[in-house]
Amino acid sequence: GLYNFIKDNDVSSVLEIGTSLGHTTYFVAHFVDNVTTVEVDISRVNKAIKLSGKHNNIKFVNQSAYGTEWGFGYHDLTIVDCIHEYKYVKMDIDNAIGVGTKYIAFDDYGLFPEIKQAIDEYISDGRLEVVSKIGYPKGTNFHMSLSTNTTPDKILIDSEGIICRVL
């Protein structure tokens with residue numbers, strides 16, 4: 001999964017777009033040098049800070065990822081788990097490419113058709129190359145429930161997540 005990818009590809013810095021409650025931030029911070037995580041909702045940022053309290057290698061950014069060029073600097077890997085709509089996923093990809101990231105990991109690839117469509121267009125255009133599919137496999141009956149969002153059971157149309165190399 002994500003851990004093996006990071007270790008096998010010598011990833012030392014991660015940019016996360018969409019902190020949510022900070023679970024991915026906390027996980028990744030254990031085995032990279034630094035994480036910058038971006039979240040527009042201050043209450044979620046505060047929960048993520050509490051969860052990740054023992055780590056001193058995380059920079060929390062409370063702002064929108066949209067409407068401006070990203071000023072978060074270079075990171076080896078960008079993790080995208082933000083607004084699950086076609087135009088926003090495309091903005092995330094364009095911005096990640098713009099800051100020079102080598103790899104982009106996407107959550108919910110097989111769960112939301114708009115996410116898959118946007119990513120697949122970049123793959124078809126030769127701007128992204130699939131490195132690894134991660135998480136639950138295609139065909140899994142997937143139930144996602146978060147404190148602020150409940151998605152009814154869905155069958156994954158592809159892998160839950162995907163990691164791509166920027167070409």
# chains A, B, ... in the order shown; residues from 1 in each chain; ligands from 1
call {"tool": "residues_around", "arguments": {"residues": "Leu51 of chain A", "least_positions_apart": "2", "cutoff": "12 Å", "atoms": "only C-alpha atoms", "output": "ChimeraX atom specification"}}
result
/A:19-27,29,44-49,53-55,58
call {"tool": "select_by_dssp", "arguments": {"residues": "segment 11-99 of chain A", "states": "strand (DSSP E)", "output": "number ranges by chain"}}
result
A: 13-17, 34-39, 58-62, 77-80
call {"tool": "closest_atom_pairs", "arguments": {"of": "segment 61-105 of chain A", "to": "segment 129-132 of chain A", "cutoff": "10 Å", "atoms": "only C-alpha atoms", "output": "JSON lines"}}
result
{"residue": "A:Tyr103", "atom": "CA", "partner": "A:Val131", "partner_atom": "CA", "distance": 8.8}
{"residue": "A:Ile104", "atom": "CA", "partner": "A:Val130", "partner_atom": "CA", "distance": 9.6}
{"residue": "A:Ala105", "atom": "CA", "partner": "A:Ser132", "partner_atom": "CA", "distance": 9.1}
call {"tool": "write_last_selection", "arguments": {"atoms": "N, CA, C and O atoms", "output": "mmCIF file, in the first residue's frame"}}
result
data_model
loop_
_atom_site.group_PDB
_atom_site.id
_atom_site.type_symbol
_atom_site.label_atom_id
_atom_site.label_comp_id
_atom_site.auth_asym_id
_atom_site.auth_seq_id
_atom_site.Cartn_x
_atom_site.Cartn_y
_atom_site.Cartn_z
ATOM 1 N N TYR A 103 5.126 12.264 -7.591
ATOM 2 C CA TYR A 103 4.048 11.277 -7.516
ATOM 3 C C TYR A 103 2.792 11.920 -6.940
ATOM 4 O O TYR A 103 2.881 12.804 -6.096
ATOM 5 N N ILE A 104 1.639 11.411 -7.377
ATOM 6 C CA ILE A 104 0.359 11.835 -6.811
ATOM 7 C C ILE A 104 -0.416 10.582 -6.420
ATOM 8 O O ILE A 104 -0.593 9.676 -7.239
ATOM 9 N N ALA A 105 -0.859 10.534 -5.170
ATOM 10 C CA ALA A 105 -1.710 9.444 -4.688
ATOM 11 C C ALA A 105 -3.126 9.983 -4.533
ATOM 12 O O ALA A 105 -3.320 11.094 -4.022
#
call {"tool": "residues_around", "arguments": {"residues": "Asp92 of chain A", "least_positions_apart": "5", "cutoff": "9 Å", "atoms": "only C-alpha atoms", "output": "PyMOL selection string"}}
result
chain A and resi 17+65-66+80+82+87+97
call {"tool": "residues_around", "arguments": {"residues": "segment 13-15 of chain A", "least_positions_apart": "3", "cutoff": "9 Å", "atoms": "only C-alpha atoms", "output": "PyMOL selection string"}}
result
chain A and resi 28-29+32-38+72-80+96+101
call {"tool": "residues_around", "arguments": {"residues": "Ala118 of chain A", "least_positions_apart": "4", "cutoff": "8 Å", "atoms": "only C-alpha atoms", "output": "mmCIF file with N, CA, C and O atoms, in the first residue's frame"}}
result
data_model
loop_
_atom_site.group_PDB
_atom_site.id
_atom_site.type_symbol
_atom_site.label_atom_id
_atom_site.label_comp_id
_atom_site.auth_asym_id
_atom_site.auth_seq_id
_atom_site.Cartn_x
_atom_site.Cartn_y
_atom_site.Cartn_z
ATOM 1 N N TYR A 86 -15.161 16.374 -10.344
ATOM 2 C CA TYR A 86 -14.301 16.362 -11.521
ATOM 3 C C TYR A 86 -13.414 17.601 -11.632
ATOM 4 O O TYR A 86 -12.196 17.497 -11.707
ATOM 5 N N LYS A 87 -14.017 18.798 -11.605
ATOM 6 C CA LYS A 87 -13.224 20.017 -11.839
ATOM 7 C C LYS A 87 -12.208 20.256 -10.721
ATOM 8 O O LYS A 87 -11.118 20.767 -10.974
ATOM 9 N N VAL A 89 -10.749 17.835 -8.828
ATOM 10 C CA VAL A 89 -9.691 16.838 -8.975
ATOM 11 C C VAL A 89 -8.703 17.290 -10.048
ATOM 12 O O VAL A 89 -7.489 17.193 -9.878
ATOM 13 N N LYS A 90 -9.232 17.833 -11.155
ATOM 14 C CA LYS A 90 -8.360 18.343 -12.217
ATOM 15 C C LYS A 90 -7.497 19.505 -11.703
ATOM 16 O O LYS A 90 -6.304 19.577 -12.011
ATOM 17 N N GLU A 114 -16.396 10.519 -10.784
ATOM 18 C CA GLU A 114 -15.811 11.785 -11.235
ATOM 19 C C GLU A 114 -14.306 11.849 -10.954
ATOM 20 O O GLU A 114 -13.544 12.418 -11.729
ATOM 21 N N TYR A 122 -5.858 12.176 -17.481
ATOM 22 C CA TYR A 122 -4.430 12.519 -17.405
ATOM 23 C C TYR A 122 -3.565 11.313 -17.758
ATOM 24 O O TYR A 122 -2.498 11.466 -18.349
#
call {"tool": "atom_distance", "arguments": {"atom1": "atom CA of Tyr88 of chain A", "atom2": "atom CA of Gly1 of chain A"}}
result
24.7 Å
call {"tool": "select_by_dssp", "arguments": {"residues": "chain A", "states": "helix (DSSP H, G or I)", "output": "PyMOL selection string"}}
result
chain A and resi 2-8+23-29+42-51+86-98+113-124
call {"tool": "closest_residue", "arguments": {"among": "A:His84, A:Leu111, A:Glu69, A:Asp153", "to": "Val99 of chain A", "atoms": "only C-alpha atoms"}}
result
A:Glu69
call {"tool": "residues_around", "arguments": {"residues": "Arg127 of chain A", "least_positions_apart": "4", "cutoff": "8 Å", "atoms": "only C-alpha atoms", "output": "PyMOL selection string"}}
result
chain A and resi 122-123+166-167
call {"tool": "atom_distance", "arguments": {"atom1": "atom CA of Gly67 of chain A", "atom2": "atom CA of Glu16 of chain A"}}
result
17.1 Å
call {"tool": "decode", "arguments": {"residues": "segment 75-163 of chain A", "atoms": "C-alpha atoms", "output": "mmCIF file, in the first residue's frame"}}
result
data_model
loop_
_atom_site.group_PDB
_atom_site.id
_atom_site.type_symbol
_atom_site.label_atom_id
_atom_site.label_comp_id
_atom_site.auth_asym_id
_atom_site.auth_seq_id
_atom_site.Cartn_x
_atom_site.Cartn_y
_atom_site.Cartn_z
ATOM 1 C CA HIS A 75 7.132 17.600 -2.054
ATOM 2 C CA ASP A 76 8.039 14.165 -3.430
ATOM 3 C CA LEU A 77 4.457 12.909 -3.076
ATOM 4 C CA THR A 78 1.134 14.741 -3.123
ATOM 5 C CA ILE A 79 -1.839 12.924 -1.578
ATOM 6 C CA VAL A 80 -5.190 14.149 -2.918
ATOM 7 C CA ASP A 81 -8.314 13.490 -0.843
ATOM 8 C CA CYS A 82 -10.257 16.717 -1.098
ATOM 9 C CA ILE A 83 -13.357 17.763 -3.054
ATOM 10 C CA HIS A 84 -14.611 14.686 -4.902
ATOM 11 C CA GLU A 85 -15.779 16.501 -8.026
ATOM 12 C CA TYR A 86 -14.301 16.362 -11.521
ATOM 13 C CA LYS A 87 -13.224 20.017 -11.839
ATOM 14 C CA TYR A 88 -11.609 20.070 -8.382
ATOM 15 C CA VAL A 89 -9.691 16.838 -8.975
ATOM 16 C CA LYS A 90 -8.360 18.343 -12.217
ATOM 17 C CA MET A 91 -7.307 21.490 -10.318
ATOM 18 C CA ASP A 92 -5.556 19.305 -7.718
ATOM 19 C CA ILE A 93 -3.656 17.434 -10.447
ATOM 20 C CA ASP A 94 -2.675 20.639 -12.276
ATOM 21 C CA ASN A 95 -1.510 22.283 -9.044
ATOM 22 C CA ALA A 96 0.477 19.200 -7.963
ATOM 23 C CA ILE A 97 2.183 19.090 -11.360
ATOM 24 C CA GLY A 98 2.799 22.846 -11.052
ATOM 25 C CA VAL A 99 4.783 22.460 -7.801
ATOM 26 C CA GLY A 100 6.887 19.707 -9.370
ATOM 27 C CA THR A 101 5.752 16.718 -7.322
ATOM 28 C CA LYS A 102 7.050 13.353 -8.591
ATOM 29 C CA TYR A 103 4.048 11.277 -7.516
ATOM 30 C CA ILE A 104 0.359 11.835 -6.811
ATOM 31 C CA ALA A 105 -1.710 9.444 -4.688
ATOM 32 C CA PHE A 106 -5.490 9.625 -4.934
ATOM 33 C CA ASP A 107 -7.983 8.285 -2.426
ATOM 34 C CA ASP A 108 -11.481 7.159 -3.458
ATOM 35 C CA TYR A 109 -10.428 6.462 -7.083
ATOM 36 C CA GLY A 110 -12.816 3.524 -7.451
ATOM 37 C CA LEU A 111 -15.511 4.998 -5.225
ATOM 38 C CA PHE A 112 -16.383 8.226 -7.057
ATOM 39 C CA PRO A 113 -16.708 8.081 -10.871
ATOM 40 C CA GLU A 114 -15.811 11.785 -11.235
ATOM 41 C CA ILE A 115 -12.460 11.222 -9.505
ATOM 42 C CA LYS A 116 -11.684 8.220 -11.712
ATOM 43 C CA GLN A 117 -12.717 10.101 -14.888
ATOM 44 C CA ALA A 118 -10.428 13.067 -14.161
ATOM 45 C CA ILE A 119 -7.413 10.886 -13.303
ATOM 46 C CA ASP A 120 -7.979 8.549 -16.256
ATOM 47 C CA GLU A 121 -7.923 11.543 -18.633
ATOM 48 C CA TYR A 122 -4.430 12.519 -17.405
ATOM 49 C CA ILE A 123 -3.296 8.911 -17.764
ATOM 50 C CA SER A 124 -4.719 8.706 -21.316
ATOM 51 C CA ASP A 125 -3.059 12.044 -22.211
ATOM 52 C CA GLY A 126 0.317 10.708 -21.062
ATOM 53 C CA ARG A 127 0.698 13.219 -18.227
ATOM 54 C CA LEU A 128 0.343 10.601 -15.473
ATOM 55 C CA GLU A 129 1.418 6.954 -15.318
ATOM 56 C CA VAL A 130 -0.074 4.393 -12.928
ATOM 57 C CA VAL A 131 2.533 3.127 -10.479
ATOM 58 C CA SER A 132 0.342 1.219 -8.036
ATOM 59 C CA LYS A 133 -3.261 0.571 -7.126
ATOM 60 C CA ILE A 134 -3.801 0.592 -3.367
ATOM 61 C CA GLY A 135 -6.510 -0.091 -0.833
ATOM 62 C CA TYR A 136 -9.480 -2.333 -1.402
ATOM 63 C CA PRO A 137 -9.705 -3.925 -4.866
ATOM 64 C CA LYS A 138 -12.287 -3.428 -7.602
ATOM 65 C CA GLY A 139 -15.551 -5.194 -6.784
ATOM 66 C CA THR A 140 -15.311 -4.711 -3.004
ATOM 67 C CA ASN A 141 -18.572 -3.747 -1.291
ATOM 68 C CA PHE A 142 -17.329 -0.564 0.316
ATOM 69 C CA HIS A 143 -18.952 1.369 3.150
ATOM 70 C CA MET A 144 -17.511 4.735 4.117
ATOM 71 C CA SER A 145 -18.791 6.565 7.116
ATOM 72 C CA LEU A 146 -17.212 9.673 8.598
ATOM 73 C CA SER A 147 -18.477 11.984 11.296
ATOM 74 C CA THR A 148 -19.629 14.531 8.713
ATOM 75 C CA ASN A 149 -20.424 12.305 5.733
ATOM 76 C CA THR A 150 -22.030 8.939 5.151
ATOM 77 C CA THR A 151 -21.808 7.189 1.821
ATOM 78 C CA PRO A 152 -24.154 4.240 1.446
ATOM 79 C CA ASP A 153 -22.629 0.891 0.520
ATOM 80 C CA LYS A 154 -21.102 0.992 -2.955
ATOM 81 C CA ILE A 155 -19.270 -1.521 -5.078
ATOM 82 C CA LEU A 156 -15.824 -0.193 -5.987
ATOM 83 C CA ILE A 157 -15.592 0.329 -9.768
ATOM 84 C CA ASP A 158 -11.794 0.156 -9.518
ATOM 85 C CA SER A 159 -9.233 0.064 -6.694
ATOM 86 C CA GLU A 160 -9.974 2.293 -3.719
ATOM 87 C CA GLY A 161 -6.813 4.316 -4.354
ATOM 88 C CA ILE A 162 -4.196 4.838 -7.046
ATOM 89 C CA ILE A 163 -0.649 6.219 -7.120
#
